[in-house]
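Written out below as structure tokens is the structure these notes cover.
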Amino acid sequence: MSVDSPDDHLKFSHGNNNAYGGYEKTAIPAHDPEITETDPGTPMGEYMRRFWQPVCLSEELTDLPRPIRILGEDLVAFRDKSGSIGVLHRHCAHRGASLEYGIIQETGIRCCYHGFEWNVDGTLIKAPGEDDNGERLAKRVSQGAYPAFEKYGMVFAYMGPFAEMPKFPEWEFFHTYDDTEILSYNNIYPCNWLQVFDNIPDQIHTAQLHSPTMRVISEDDDGSYPSTAFNPVFAQLPVMDYASVRKGSAMVFIAGRRVGKDKIWVRIGDVILPNMTTHAYADEDGREVRYFHRVFMARWYVPVDNENSIVFGLRMFGPSIDPFNTGDKSQCGYDKADFLDGQTGQRTRESAQRMPGDWDAVTSQRAIAVHAMENPMREDVGVFMNRRNLRQAVRGDNPDARPDVINQRANAGQRDYVYGNNTVLAIPIQDNRDDDDLVREVCKKVLEICEAGDAYEGNERDIFIESALKDFEKSYVSSVAAE
Ligand code: FES
Ligand SMILES: [Fe+2]
């Protein structure tokens, strides 16, 4: 509305108090500390510390120590010359100099200031100023240290109480296909970890933020398909369903889409406590039948501190997981991603505004998104389901979300299961049947079959799920034919 004359302001109306209400909305309530804050001693921080967490990429470890900050703790990570990984408190236990200036040794690291040598486990190897070389001192002084190791180009550390350290979960999707190569990457987010995690159970955004229409075309734009958008089938609003699984220690989102007249594409993703997600192949277009096609990416949302976080991702490459050969290994690494633009803050402000991506939407929700200011819509149910899982877990209200229960399979040497997959079934549109209803029913059944697979170990699980999906598909085709 333009104001042409001094009297035009009289035309403004407050409506039902919904219009021009800026003045009434300036208060910003506090954020939700229970599930956003992760410093030492906080409920969420204590919970998260009881799981192995990625803390940096292998490529960040060079001949120089790497200062990192994780869960509000200043740390230094390094690979000593014998190949052991150290993740130590950053400030030297002698008189506080930062070990980022330390000199990496054959074994451990040597503080630059007075030469104390710390092993990767934090024990004192040598204190050169002492007449016994620090032998006596070593009995009572140590540097804070965390168990850490490298896997798939990522450094994982355990920052919880030593006595409660679980075995590292050997997720089954690491081993799905023999021809898979796994690489790692990360993305740096200047905002609280939870809103980055929230972005996954907020699955409806894939049909908005990642649709080809969510852009502002400039004059010199060639109009090519936007690099922040998934393929056009994704832009079709899915029939969404959400389910709490494994007794509230995880949830899944299920997106069902009708593709053409005769296919239903069901995409399932896991959102796992405390901070992990899985992602089925993102270039699926639903045109060919597919049964339980698996995880092409797994991610952890790791707090740096309350207002910064890092997404750590593992990407799977190879003909089985990437049938359309769209992966780009050269785009895996520090603050990079090979699947969609808009995963980092490295674009220009203008290109981010013209073609916004996940990074732009999520970091712009404030440094710590304020839950008390949100006005949920129906499709936010996944976000709230995940937050409820988190809240119950940190309060100890859900015994099945206790870290020792979640880590049970890992501790028993068994592989942890996830349900993340794409399944495309040849189930045609039916006469006299609401198609959304049909898609919803198929979504539920696909999840049910995946969950029933929990009864089987190893390959037998995949075989069971695939054949159950085929039987289900057949039952549909024959029931249609019988009508
Ligand atoms: S501060 Fe590290 S050796 Fe003195
Ligand atoms: Fe997204």
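Numbering starts fresh at 1 for the residues of each chain in the structure tokens, the chains themselves are lettered A, B, ... in the order given, and ligands are numbered from 1 as they appear.
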
Discussion item. As a list in words, please: the residues near Leu209 (chain A) (cut-off 10 Å, only C-alpha atoms, same-chain neighbours under 6 positions excluded).
Written reply: Arg215, Thr228, Ala229, Phe230, Ala235, Met355, Pro356, Gly357, Asp358 and Ala361 of chain A

Item to complete: Taking the chain letters and numbering used in this document, name the residues of region 302-394 of chain A that DSSP puts in alpha helix (DSSP H), as a list in words.
Response: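 Residues of region 302-394 of chain A classed as alpha helix (DSSP H): Arg349, Glu350, Ser351, Ala352, Gln353, Arg354, Asp358, Trp359, Asp360, Ala361, Val362, Thr363, Val381, Gly382, Val383, Phe384, Met385, Asn386, Arg387, Arg388, Asn389, Leu390, Arg391, Gln392, Ala393 and Val394 of chain A.
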
Would you put the residues from that selection into a file with N, CA and C atoms, as a PDB file, in the first residue's frame?
ATOM      1  N   ARG A 349      25.478 -13.631  -0.894  1.00  0.00           N
ATOM      2  CA  ARG A 349      24.160 -13.333  -0.310  1.00  0.00           C
ATOM      3  C   ARG A 349      23.102 -13.273  -1.405  1.00  0.00           C
ATOM      4  N   GLU A 350      23.477 -12.688  -2.551  1.00  0.00           N
ATOM      5  CA  GLU A 350      22.458 -12.557  -3.591  1.00  0.00           C
ATOM      6  C   GLU A 350      22.032 -13.925  -4.115  1.00  0.00           C
ATOM      7  N   SER A 351      22.990 -14.806  -4.363  1.00  0.00           N
ATOM      8  CA  SER A 351      22.552 -16.098  -4.906  1.00  0.00           C
ATOM      9  C   SER A 351      21.767 -16.877  -3.860  1.00  0.00           C
ATOM     10  N   ALA A 352      22.107 -16.685  -2.567  1.00  0.00           N
ATOM     11  CA  ALA A 352      21.319 -17.352  -1.524  1.00  0.00           C
ATOM     12  C   ALA A 352      19.897 -16.794  -1.492  1.00  0.00           C
ATOM     13  N   GLN A 353      19.755 -15.488  -1.714  1.00  0.00           N
ATOM     14  CA  GLN A 353      18.408 -14.910  -1.717  1.00  0.00           C
ATOM     15  C   GLN A 353      17.614 -15.333  -2.951  1.00  0.00           C
ATOM     16  N   ARG A 354      18.303 -15.445  -4.079  1.00  0.00           N
ATOM     17  CA  ARG A 354      17.586 -15.816  -5.302  1.00  0.00           C
ATOM     18  C   ARG A 354      17.229 -17.299  -5.329  1.00  0.00           C
ATOM     19  N   ASP A 358      18.945 -25.103   2.228  1.00  0.00           N
ATOM     20  CA  ASP A 358      18.763 -25.502   3.630  1.00  0.00           C
ATOM     21  C   ASP A 358      19.545 -24.596   4.585  1.00  0.00           C
ATOM     22  N   TRP A 359      20.807 -24.331   4.239  1.00  0.00           N
ATOM     23  CA  TRP A 359      21.662 -23.538   5.129  1.00  0.00           C
ATOM     24  C   TRP A 359      21.028 -22.175   5.393  1.00  0.00           C
ATOM     25  N   ASP A 360      20.488 -21.584   4.321  1.00  0.00           N
ATOM     26  CA  ASP A 360      19.938 -20.233   4.441  1.00  0.00           C
ATOM     27  C   ASP A 360      18.670 -20.237   5.294  1.00  0.00           C
ATOM     28  N   ALA A 361      17.794 -21.213   5.036  1.00  0.00           N
ATOM     29  CA  ALA A 361      16.544 -21.273   5.799  1.00  0.00           C
ATOM     30  C   ALA A 361      16.833 -21.567   7.269  1.00  0.00           C
ATOM     31  N   VAL A 362      17.704 -22.522   7.517  1.00  0.00           N
ATOM     32  CA  VAL A 362      17.892 -23.014   8.888  1.00  0.00           C
ATOM     33  C   VAL A 362      18.690 -22.025   9.744  1.00  0.00           C
ATOM     34  N   THR A 363      19.763 -21.472   9.183  1.00  0.00           N
ATOM     35  CA  THR A 363      20.553 -20.534   9.994  1.00  0.00           C
ATOM     36  C   THR A 363      19.774 -19.247  10.242  1.00  0.00           C
ATOM     37  N   VAL A 381       4.168 -32.127  12.345  1.00  0.00           N
ATOM     38  CA  VAL A 381       4.035 -33.203  13.325  1.00  0.00           C
ATOM     39  C   VAL A 381       5.344 -33.976  13.504  1.00  0.00           C
ATOM     40  N   GLY A 382       6.115 -34.117  12.428  1.00  0.00           N
ATOM     41  CA  GLY A 382       7.386 -34.842  12.531  1.00  0.00           C
ATOM     42  C   GLY A 382       8.377 -34.121  13.428  1.00  0.00           C
ATOM     43  N   VAL A 383       8.436 -32.799  13.274  1.00  0.00           N
ATOM     44  CA  VAL A 383       9.343 -31.994  14.095  1.00  0.00           C
ATOM     45  C   VAL A 383       9.002 -32.181  15.571  1.00  0.00           C
ATOM     46  N   PHE A 384       7.705 -32.150  15.859  1.00  0.00           N
ATOM     47  CA  PHE A 384       7.298 -32.231  17.263  1.00  0.00           C
ATOM     48  C   PHE A 384       7.442 -33.648  17.815  1.00  0.00           C
ATOM     49  N   MET A 385       7.279 -34.624  16.945  1.00  0.00           N
ATOM     50  CA  MET A 385       7.482 -36.013  17.369  1.00  0.00           C
ATOM     51  C   MET A 385       8.944 -36.227  17.779  1.00  0.00           C
ATOM     52  N   ASN A 386       9.837 -35.689  16.971  1.00  0.00           N
ATOM     53  CA  ASN A 386      11.264 -35.840  17.277  1.00  0.00           C
ATOM     54  C   ASN A 386      11.645 -35.086  18.551  1.00  0.00           C
ATOM     55  N   ARG A 387      11.112 -33.881  18.696  1.00  0.00           N
ATOM     56  CA  ARG A 387      11.419 -33.125  19.923  1.00  0.00           C
ATOM     57  C   ARG A 387      10.863 -33.851  21.150  1.00  0.00           C
ATOM     58  N   ARG A 388       9.697 -34.469  20.988  1.00  0.00           N
ATOM     59  CA  ARG A 388       9.137 -35.208  22.126  1.00  0.00           C
ATOM     60  C   ARG A 388      10.039 -36.395  22.474  1.00  0.00           C
ATOM     61  N   ASN A 389      10.507 -37.108  21.437  1.00  0.00           N
ATOM     62  CA  ASN A 389      11.444 -38.215  21.688  1.00  0.00           C
ATOM     63  C   ASN A 389      12.666 -37.724  22.457  1.00  0.00           C
ATOM     64  N   LEU A 390      13.199 -36.570  22.019  1.00  0.00           N
ATOM     65  CA  LEU A 390      14.392 -36.014  22.679  1.00  0.00           C
ATOM     66  C   LEU A 390      14.094 -35.652  24.131  1.00  0.00           C
ATOM     67  N   ARG A 391      12.949 -34.998  24.328  1.00  0.00           N
ATOM     68  CA  ARG A 391      12.605 -34.522  25.665  1.00  0.00           C
ATOM     69  C   ARG A 391      12.416 -35.705  26.625  1.00  0.00           C
ATOM     70  N   GLN A 392      11.704 -36.709  26.141  1.00  0.00           N
ATOM     71  CA  GLN A 392      11.492 -37.882  27.000  1.00  0.00           C
ATOM     72  C   GLN A 392      12.823 -38.558  27.316  1.00  0.00           C
ATOM     73  N   ALA A 393      13.704 -38.569  26.328  1.00  0.00           N
ATOM     74  CA  ALA A 393      15.001 -39.224  26.529  1.00  0.00           C
ATOM     75  C   ALA A 393      15.824 -38.485  27.575  1.00  0.00           C
ATOM     76  N   VAL A 394      15.911 -37.157  27.448  1.00  0.00           N
ATOM     77  CA  VAL A 394      16.780 -36.430  28.393  1.00  0.00           C
ATOM     78  C   VAL A 394      16.176 -36.395  29.791  1.00  0.00           C
TER      79      VAL A 394
END

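The nearest approach to Val266 (chain A) among the residues A:Gly420, A:Gly21, A:Gly15, A:Gly327, with only C-alpha atoms taken into account, belongs to A:Gly420.
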
Item to complete: Pick out the residues no farther than 9 Å from ligand 1, counting only C-alpha atoms and all ligand atoms, and list them as a VMD selection string.
Response: chain A and resid 91 to 99 102 110 to 117 127 to 128

Practice prompt. Could you please determine the separation between CA of Asn407 (chain A) and CA of Phe312 (chain A) in Å, to one decimal place?
Written response: 20.2 Å

Discussion item. Env of Thr344 (chain A): 7 Å cut, atoms = only C-alpha atoms, seq-sep filter 5 positions within chain, self excluded. Answer as a PyMOL selection string.
Written reply: chain A and resi 187-188+335-336+359

How about saving the chosen residues, C-alpha atoms kept, as a PDB file, in the first residue's frame?
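And here is the file that came out, part12.pdb:
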ATOM      1  CA  ASN A 187      28.819 -28.373   6.694  1.00  0.00           C
ATOM      2  CA  ILE A 188      29.392 -25.552   9.135  1.00  0.00           C
ATOM      3  CA  ASP A 335      32.170 -27.540   4.239  1.00  0.00           C
ATOM      4  CA  LYS A 336      31.104 -29.098   0.949  1.00  0.00           C
ATOM      5  CA  TRP A 359      21.662 -23.538   5.129  1.00  0.00           C
TER       6      TRP A 359
END

Worksheet entry | Residue nearest Glu170 (chain A) among A:Gly260, A:Phe12, A:Thr326, A:Lys151 (counting only C-alpha atoms) |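 The shortest atom-to-atom distance to Glu170 (chain A) comes from A:Lys151.
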
Worksheet item: Which residue gives the smallest distance to ligand 2 among A:Leu438, A:Ala250, A:Met159, A:Ala282, with only C-alpha atoms and all ligand atoms counted?
Response: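 Among the listed residues, the smallest separation from ligand 2 belongs to A:Ala282.
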
Worksheet item: With only C-alpha atoms and all ligand atoms as the basis for distance, which of A:Pro201, A:Pro323, A:Pro33, A:Pro403 is at the shortest distance from ligand 2?
Response: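 Of A:Pro201, A:Pro323, A:Pro33, A:Pro403, the one nearest ligand 2, counting only C-alpha atoms and all ligand atoms, is A:Pro201.
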